[in-house]
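Text of the file my_file.cif, holding mmCIF, C-alpha atoms:
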data_upload
loop_
_atom_site.label_atom_id
_atom_site.label_comp_id
_atom_site.auth_asym_id
_atom_site.auth_seq_id
_atom_site.Cartn_x
_atom_site.Cartn_y
_atom_site.Cartn_z
CA MET A 1 -13.98 -342.45 -10.49
CA PRO A 2 -16.71 -344.52 -8.83
CA THR A 3 -20.20 -343.67 -10.07
CA THR A 4 -21.76 -344.03 -6.62
CA VAL A 5 -20.55 -343.08 -3.17
CA PRO A 6 -19.11 -346.21 -1.52
CA GLN A 7 -20.85 -347.25 1.66
CA GLY A 8 -19.26 -346.28 4.95
CA ILE A 9 -17.30 -343.21 3.85
CA LYS A 10 -18.76 -341.07 6.65
CA ASP A 11 -17.77 -343.73 9.18
CA ASP A 12 -14.30 -343.95 7.67
CA ILE A 13 -13.87 -340.17 7.88
CA LYS A 14 -14.94 -340.22 11.53
CA LEU A 15 -12.39 -342.95 12.19
CA LEU A 16 -9.60 -341.10 10.34
CA LYS A 17 -10.31 -337.85 12.19
CA SER A 18 -10.25 -339.54 15.58
CA ALA A 19 -7.05 -341.41 14.77
CA ALA A 20 -5.40 -338.23 13.48
CA VAL A 21 -6.18 -336.33 16.69
CA HIS A 22 -4.71 -339.06 18.86
CA ALA A 23 -1.70 -339.40 16.56
CA GLY A 24 -1.21 -335.64 16.76
CA ILE A 25 -1.05 -335.79 20.55
CA ILE A 26 1.69 -338.43 20.28
CA ALA A 27 3.65 -336.42 17.72
CA LEU A 28 3.37 -333.20 19.72
CA GLY A 29 4.83 -335.05 22.72
CA PHE A 30 8.09 -335.47 20.78
CA PHE A 31 7.98 -332.14 18.92
CA ARG A 32 10.84 -329.74 19.67
CA THR A 33 12.49 -332.22 22.06
CA ASP A 34 15.84 -334.00 21.91
CA MET A 35 14.37 -337.05 20.15
CA ARG A 36 16.30 -339.76 18.33
CA THR A 37 16.64 -339.36 14.58
CA TRP A 38 18.33 -341.36 11.83
CA THR A 39 18.37 -341.76 8.06
CA LYS A 40 16.80 -344.44 5.85
CA ASN A 41 17.32 -345.05 2.14
CA ILE A 42 20.42 -342.82 2.23
CA THR A 43 18.60 -339.47 2.28
CA SER A 44 15.24 -339.79 4.10
CA PRO A 45 15.15 -338.64 7.73
CA VAL A 46 13.22 -340.61 10.35
CA SER A 47 12.52 -339.80 13.99
CA GLU A 48 11.32 -341.88 16.88
CA ALA A 49 8.10 -339.87 16.63
CA ASP A 50 7.47 -341.24 13.11
CA ILE A 51 7.68 -344.78 14.47
CA ALA A 52 5.55 -344.10 17.54
CA VAL A 53 2.82 -342.48 15.44
CA ASP A 54 2.96 -345.27 12.87
CA ASN A 55 2.62 -347.92 15.58
CA PHE A 56 -0.42 -346.17 17.02
CA LEU A 57 -2.12 -345.68 13.66
CA SER A 58 -1.46 -349.25 12.58
CA GLY A 59 -3.01 -350.60 15.76
CA ALA A 60 -6.00 -348.25 15.82
CA LEU A 61 -6.98 -348.28 12.14
CA ARG A 62 -6.32 -351.93 11.38
CA ALA A 63 -8.21 -353.06 14.47
CA ALA A 64 -11.19 -350.95 13.42
CA ARG A 65 -11.15 -352.18 9.80
CA PRO A 66 -9.45 -355.60 9.73
CA ASP A 67 -10.63 -356.19 6.16
CA TYR A 68 -8.77 -353.13 4.82
CA GLY A 69 -5.25 -353.32 3.44
CA TRP A 70 -2.38 -351.24 4.82
CA LEU A 71 0.32 -349.07 3.25
CA SER A 72 2.42 -346.74 5.37
CA GLU A 73 5.73 -344.98 4.87
CA GLU A 74 7.05 -346.43 8.12
CA THR A 75 5.73 -350.00 7.82
CA ALA A 76 7.49 -352.65 5.73
CA ASP A 77 5.45 -353.08 2.56
CA SER A 78 3.64 -356.33 1.88
CA PRO A 79 2.17 -357.55 -1.42
CA ALA A 80 -0.87 -358.67 0.59
CA ARG A 81 -2.22 -355.11 0.27
CA LEU A 82 -2.76 -355.68 -3.45
CA GLU A 83 -5.45 -358.23 -2.62
CA HIS A 84 -7.64 -355.59 -0.92
CA ARG A 85 -10.17 -353.36 -2.69
CA ARG A 86 -10.02 -350.94 0.23
CA ILE A 87 -6.80 -349.89 1.90
CA PHE A 88 -5.49 -347.36 4.41
CA ILE A 89 -2.64 -345.25 3.04
CA VAL A 90 -0.76 -343.45 5.79
CA ASP A 91 2.10 -341.02 6.28
CA PRO A 92 2.59 -340.83 10.07
CA ILE A 93 4.50 -337.55 9.82
CA ASP A 94 4.69 -335.86 6.44
CA GLY A 95 7.41 -333.22 6.40
CA THR A 96 9.75 -335.01 8.82
CA ARG A 97 12.65 -332.69 7.93
CA GLY A 98 10.62 -329.68 9.03
CA TYR A 99 9.33 -331.54 12.08
CA ILE A 100 12.88 -332.31 13.21
CA ARG A 101 13.88 -328.67 12.66
CA GLY A 102 10.97 -327.53 14.84
CA GLU A 103 8.88 -326.03 12.02
CA ASP A 104 5.13 -326.24 12.53
CA SER A 105 3.62 -327.14 9.12
CA TRP A 106 4.20 -330.93 9.33
CA THR A 107 1.13 -333.11 8.97
CA ILE A 108 -0.38 -336.50 9.61
CA SER A 109 -1.79 -337.70 6.30
CA LEU A 110 -4.38 -340.48 6.20
CA ALA A 111 -6.48 -341.87 3.35
CA VAL A 112 -8.88 -344.64 2.48
CA VAL A 113 -8.45 -345.81 -1.10
CA GLU A 114 -10.93 -348.01 -2.94
CA ASP A 115 -10.01 -349.68 -6.23
CA GLY A 116 -7.10 -347.29 -6.68
CA VAL A 117 -9.09 -344.09 -5.97
CA ALA A 118 -8.87 -342.00 -2.81
CA VAL A 119 -12.38 -341.81 -1.31
CA ALA A 120 -11.67 -340.39 2.17
CA GLY A 121 -8.78 -338.31 3.43
CA VAL A 122 -7.54 -336.36 6.42
CA VAL A 123 -4.50 -334.08 6.47
CA TYR A 124 -3.97 -332.85 10.03
CA ALA A 125 -1.43 -330.21 11.08
CA PRO A 126 -1.42 -330.56 14.89
CA ALA A 127 1.00 -327.73 15.63
CA ARG A 128 -1.22 -325.36 13.61
CA ASP A 129 -4.51 -326.88 14.80
CA GLU A 130 -5.71 -327.34 11.21
CA MET A 131 -7.62 -330.43 10.13
CA TYR A 132 -8.39 -330.80 6.43
CA VAL A 133 -10.97 -333.44 5.53
CA GLY A 134 -12.45 -334.74 2.30
CA GLY A 135 -14.85 -337.52 1.38
CA LEU A 136 -16.08 -338.64 -2.01
CA GLY A 137 -19.32 -336.74 -2.71
CA LEU A 138 -19.19 -335.13 0.73
CA GLY A 139 -17.10 -332.02 0.07
CA ALA A 140 -13.94 -330.80 1.76
CA THR A 141 -13.47 -328.82 4.96
CA CYS A 142 -10.83 -327.28 7.20
CA ASN A 143 -11.84 -327.31 10.85
CA ASP A 144 -15.38 -328.02 9.64
CA VAL A 145 -15.49 -324.91 7.41
CA PRO A 146 -16.21 -325.81 3.75
CA LEU A 147 -13.30 -325.42 1.34
CA GLN A 148 -13.50 -324.12 -2.21
CA ALA A 149 -10.32 -323.88 -4.24
CA GLU A 150 -10.10 -320.59 -6.12
CA HIS A 151 -8.89 -319.57 -9.54
CA ALA A 152 -5.88 -317.26 -9.66
CA ARG A 153 -6.88 -314.08 -7.86
CA SER A 154 -4.47 -311.74 -9.64
CA GLU A 155 -2.00 -311.45 -12.48
CA SER A 156 0.64 -312.97 -10.19
CA PRO A 157 -0.62 -316.28 -8.79
CA LEU A 158 1.19 -317.74 -5.77
CA ILE A 159 3.07 -320.94 -6.66
CA PRO A 160 5.76 -322.74 -4.62
CA ALA A 161 8.10 -324.98 -6.64
CA PRO A 162 11.71 -326.21 -6.81
CA ALA A 163 14.20 -323.77 -8.37
CA ALA A 164 14.51 -325.75 -11.61
CA VAL A 165 10.73 -325.61 -12.08
CA HIS A 166 10.69 -321.87 -11.39
CA HIS A 167 13.32 -321.50 -14.11
CA GLU A 168 11.17 -323.37 -16.65
CA LEU A 169 8.02 -321.46 -15.73
CA ALA A 170 9.90 -318.20 -16.25
CA ALA A 171 11.13 -319.48 -19.63
CA LEU A 172 7.50 -320.18 -20.56
CA GLY A 173 6.66 -316.55 -19.78
CA LEU A 174 4.35 -317.26 -16.83
CA SER A 175 3.92 -314.29 -14.50
CA TYR A 176 3.59 -315.44 -10.89
CA THR A 177 4.93 -315.07 -7.35
CA LYS A 178 7.08 -317.75 -5.70
CA GLY A 179 5.18 -319.29 -2.82
CA PRO A 180 6.32 -320.61 0.58
CA ALA A 181 8.20 -323.92 0.60
CA TYR A 182 6.35 -326.00 3.18
CA PRO A 183 8.29 -329.22 3.95
CA SER A 184 5.08 -331.29 3.99
CA LEU A 185 3.85 -332.02 0.47
CA ALA A 186 0.42 -332.89 1.83
CA TYR A 187 0.23 -329.48 3.49
CA ARG A 188 1.25 -327.68 0.28
CA LEU A 189 -1.45 -329.51 -1.63
CA VAL A 190 -4.26 -328.75 0.82
CA GLN A 191 -3.31 -325.07 0.71
CA VAL A 192 -4.46 -325.20 -2.93
CA ALA A 193 -7.74 -326.74 -1.75
CA ALA A 194 -8.06 -323.92 0.79
CA GLY A 195 -7.40 -321.25 -1.85
CA LYS A 196 -4.24 -320.04 -0.09
CA LEU A 197 -1.96 -321.18 -2.92
CA ASP A 198 -2.88 -320.96 -6.58
CA ALA A 199 -0.91 -324.08 -7.43
CA ALA A 200 1.48 -326.60 -5.93
CA VAL A 201 3.77 -329.15 -7.51
CA ALA A 202 5.71 -332.27 -6.54
CA ARG A 203 8.87 -333.54 -8.14
CA ARG A 204 9.04 -337.01 -9.62
CA GLY A 205 9.16 -339.76 -7.00
CA ALA A 206 6.34 -338.82 -4.59
CA GLN A 207 4.81 -341.91 -2.99
CA ASP A 208 1.18 -342.87 -2.43
CA TRP A 209 1.40 -341.89 1.24
CA ASP A 210 2.62 -338.38 0.36
CA ILE A 211 -0.46 -337.50 -1.68
CA ALA A 212 -3.46 -339.82 -1.21
CA GLY A 213 -4.91 -337.95 1.77
CA ALA A 214 -4.64 -334.59 0.02
CA ASP A 215 -5.94 -335.94 -3.31
CA ILE A 216 -9.57 -336.36 -2.22
CA ILE A 217 -9.49 -333.01 -0.39
CA LEU A 218 -8.32 -331.28 -3.57
CA SER A 219 -10.94 -333.03 -5.68
CA GLU A 220 -13.81 -332.25 -3.34
CA ALA A 221 -12.69 -328.60 -3.11
CA GLY A 222 -12.84 -328.30 -6.90
CA ALA A 223 -9.12 -328.36 -7.72
CA ARG A 224 -7.36 -330.40 -10.41
CA PHE A 225 -4.61 -332.80 -9.37
CA GLU A 226 -2.63 -334.57 -12.07
CA ASP A 227 0.32 -336.84 -12.63
CA VAL A 228 1.93 -334.91 -15.48
CA CYS A 229 2.77 -338.13 -17.34
CA LEU A 230 -0.25 -340.34 -16.66
CA GLY A 231 -3.14 -338.04 -15.72
CA THR A 232 -5.26 -338.86 -12.68
CA PRO A 233 -3.15 -340.49 -9.94
CA ARG A 234 -3.97 -344.09 -9.05
CA TYR A 235 -3.09 -345.74 -5.76
CA ASN A 236 -2.22 -349.12 -4.28
CA GLY A 237 -0.37 -350.41 -7.31
CA ALA A 238 2.69 -352.62 -7.21
CA ASP A 239 4.79 -349.45 -7.61
CA THR A 240 3.66 -346.70 -5.22
CA ARG A 241 5.78 -343.96 -6.82
CA HIS A 242 4.45 -341.23 -9.10
CA ALA A 243 5.77 -338.97 -11.81
CA ALA A 244 5.81 -335.22 -11.16
CA LEU A 245 2.48 -333.82 -9.97
CA ALA A 246 0.59 -330.55 -10.30
CA ALA A 247 -2.40 -329.22 -8.34
CA THR A 248 -4.39 -326.09 -9.19
CA ALA A 249 -7.93 -324.77 -9.42
CA ASP A 250 -6.97 -322.51 -12.34
CA ILE A 251 -7.06 -324.49 -15.59
CA SER A 252 -4.93 -321.81 -17.28
CA LEU A 253 -2.03 -322.74 -14.98
CA LEU A 254 -2.25 -326.48 -15.54
CA SER A 255 -0.64 -326.64 -18.98
CA PRO A 256 2.46 -324.53 -18.18
CA LEU A 257 2.92 -326.34 -14.86
CA CYS A 258 2.76 -329.76 -16.53
CA ASP A 259 5.05 -328.64 -19.36
CA ALA A 260 7.65 -327.30 -16.93
CA LEU A 261 7.53 -330.41 -14.76
CA ARG A 262 7.94 -332.73 -17.75
CA VAL A 263 10.97 -330.74 -18.92
CA VAL A 264 12.62 -330.87 -15.48
CA TYR A 265 11.76 -334.41 -14.41
CA GLY A 266 10.76 -336.27 -17.56
CA CYS A 267 8.47 -339.29 -17.41
CA PRO A 268 9.34 -342.72 -15.99
CA GLN A 269 9.84 -345.52 -18.48
CA PRO A 270 9.16 -349.23 -17.88
CA ASP A 271 12.11 -350.82 -16.10
CA SER A 272 13.66 -347.39 -15.53
CA ASP A 273 15.83 -346.56 -12.56
CA ASN A 274 14.13 -345.40 -9.37
CA PRO A 275 12.64 -341.90 -9.69
CA GLU A 276 14.20 -339.09 -7.74
CA PRO A 277 12.85 -339.29 -4.17
CA GLN A 278 10.40 -336.66 -2.96
CA ALA A 279 12.10 -334.05 -0.80
#
Same coordinates, now as structure tokens:
Amino acid sequence: MPTTVPQGIKDDIKLLKSAAVHAGIIALGFFRTDMRTWTKNITSPVSEADIAVDNFLSGALRAARPDYGWLSEETADSPARLEHRRIFIVDPIDGTRGYIRGEDSWTISLAVVEDGVAVAGVVYAPARDEMYVGGLGLGATCNDVPLQAEHARSESPLIPAPAAVHHELAALGLSYTKGPAYPSLAYRLVQVAAGKLDAAVARRGAQDWDIAGADIILSEAGARFEDVCLGTPRYNGADTRHAALAATADISLLSPLCDALRVVYGCPQPDSDNPEPQA
């Protein structure tokens, strides 16, 4: 982690918040309408709203910070981003499956990353009117109320996870309650920062844009967020995919979560096949 707060983080947060609000208005204009949808990469849904929001964010953010690199789920990747110390990492609509179904927990996830570390992030859920914000050394908030991730509040912490992970956690003897399965990974993660979930996980294959915005919010709220194979996630590498991930404020949950995730998903090897895509 950087030893000093990079200059301009407050300005970057202001920019991200403004862009997220405007992007939310665009996304809400398509929400629960008969919009066009299609599939990319065999299994990933896309809607015309994803493209409209991406086009807006690309224009607004890149015009404001022309010296920053750019990585977005809905923009063709370019190796030019690797030449930038600072970069925007964007998911125009995280939780597109839920968005298309008319569910309301989808988010717009935005981050500024410097030298591989998330330093500013916004995860905005327009349909729920919830804006989560974090900045390096500046704390984390939801709708301007400070966030503090909590340790497990009872003998049965609330943890959402895929069925195979639940099976492994049960085999490890962990007593817990299965949490709600929000389609947006970013939203699940910030619920840990808000203390509404005791932990959240991601299967192997999550991309930078799925998690960078939530990462800094988790960190500033006092939660741990780890790649179960490599430790602290790093961003803006040549490969933007990650191994399985675990987020929690309760250190006693971290070991069983990481163990279960490694059993279910393993760890990527050099020159391995593509990881399983994030659902």
Review point. So which residues touch region 207-214 of chain A within 8 Å, counting only C-alpha atoms, skipping near sequence neighbours fewer than 4 positions away, as an NGL selection string?
Key: :A and (71-73 or 89-91 or 94 or 109-113 or 118 or 120-123 or 185-187 or 189-190 or 218 or 235-236 or 240-242 or 278)
**Study point:** Coordinates-based distance that separates CA of Tyr182 (chain A) from CA of Ala202 (chain A) (Å, one decimal)
**Key:** 11.6 Å
Exercise for review: Tell me, as a PyMOL selection string, which residues lie within 10 Å of region 254-256 of chain A, counting only C-alpha atoms; anything in the same chain fewer than 5 positions away does not count.
Suggested key: chain A and resi 168-170+172-174+199+224-226+228+246-249+261-262
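Using all atoms listed in the file for every distance, the candidate list A:Ala49, A:Asp54, A:Ala243, A:Leu257 yields A:Leu257 as the residue closest to Ala171 (chain A).
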Exercise for review: Using all atoms listed in the file, determine which residues lie at most 12 Å from Leu57 (chain A), disregarding the query and same-chain residues fewer than 2 positions distant; provide the list as a ChimeraX atom specification.
Suggested key: /A:15-24,26-27,50-55,59-65,70-75,88-93,108-111
Exercise for review: Please identify all polymer residues lying at most 12 Å from the point (-9.6, -330.3, -6.4) (file coordinates), using all atoms listed in the file, and present the result as a ChimeraX atom specification.
Suggested key: /A:134-136,139-140,147-151,189-195,198-200,214-226,232,246-251
Check your understanding: Any idea what the distance is between CA of Ile13 (chain A) and CA of Val119 (chain A)?
Key -> 9.5 Å
Which residues of region 46-138 of chain A come within 9 Å of region 29-38 of chain A, and what is each one's closest atom pair and distance in Å (one decimal), counting all atoms listed in the file, sorted by chain and residue number, as JSON lines?
{"residue": "A:Val46", "atom": "CA", "partner": "A:Trp38", "partner_atom": "CA", "distance": 5.4}
{"residue": "A:Ser47", "atom": "CA", "partner": "A:Thr37", "partner_atom": "CA", "distance": 4.2}
{"residue": "A:Glu48", "atom": "CA", "partner": "A:Arg36", "partner_atom": "CA", "distance": 5.6}
{"residue": "A:Ala49", "atom": "CA", "partner": "A:Phe30", "partner_atom": "CA", "distance": 6.0}
{"residue": "A:Tyr99", "atom": "CA", "partner": "A:Phe31", "partner_atom": "CA", "distance": 7.0}
{"residue": "A:Ile100", "atom": "CA", "partner": "A:Arg32", "partner_atom": "CA", "distance": 7.2}
{"residue": "A:Arg101", "atom": "CA", "partner": "A:Arg32", "partner_atom": "CA", "distance": 7.7}
{"residue": "A:Gly102", "atom": "CA", "partner": "A:Arg32", "partner_atom": "CA", "distance": 5.3}
{"residue": "A:Glu103", "atom": "CA", "partner": "A:Arg32", "partner_atom": "CA", "distance": 8.7}
{"residue": "A:Ala127", "atom": "CA", "partner": "A:Phe31", "partner_atom": "CA", "distance": 8.9}
Review point. Separation of CA of Lys196 (chain A) and CA of Ile159 (chain A), in Å?
Key: 9.9 Å
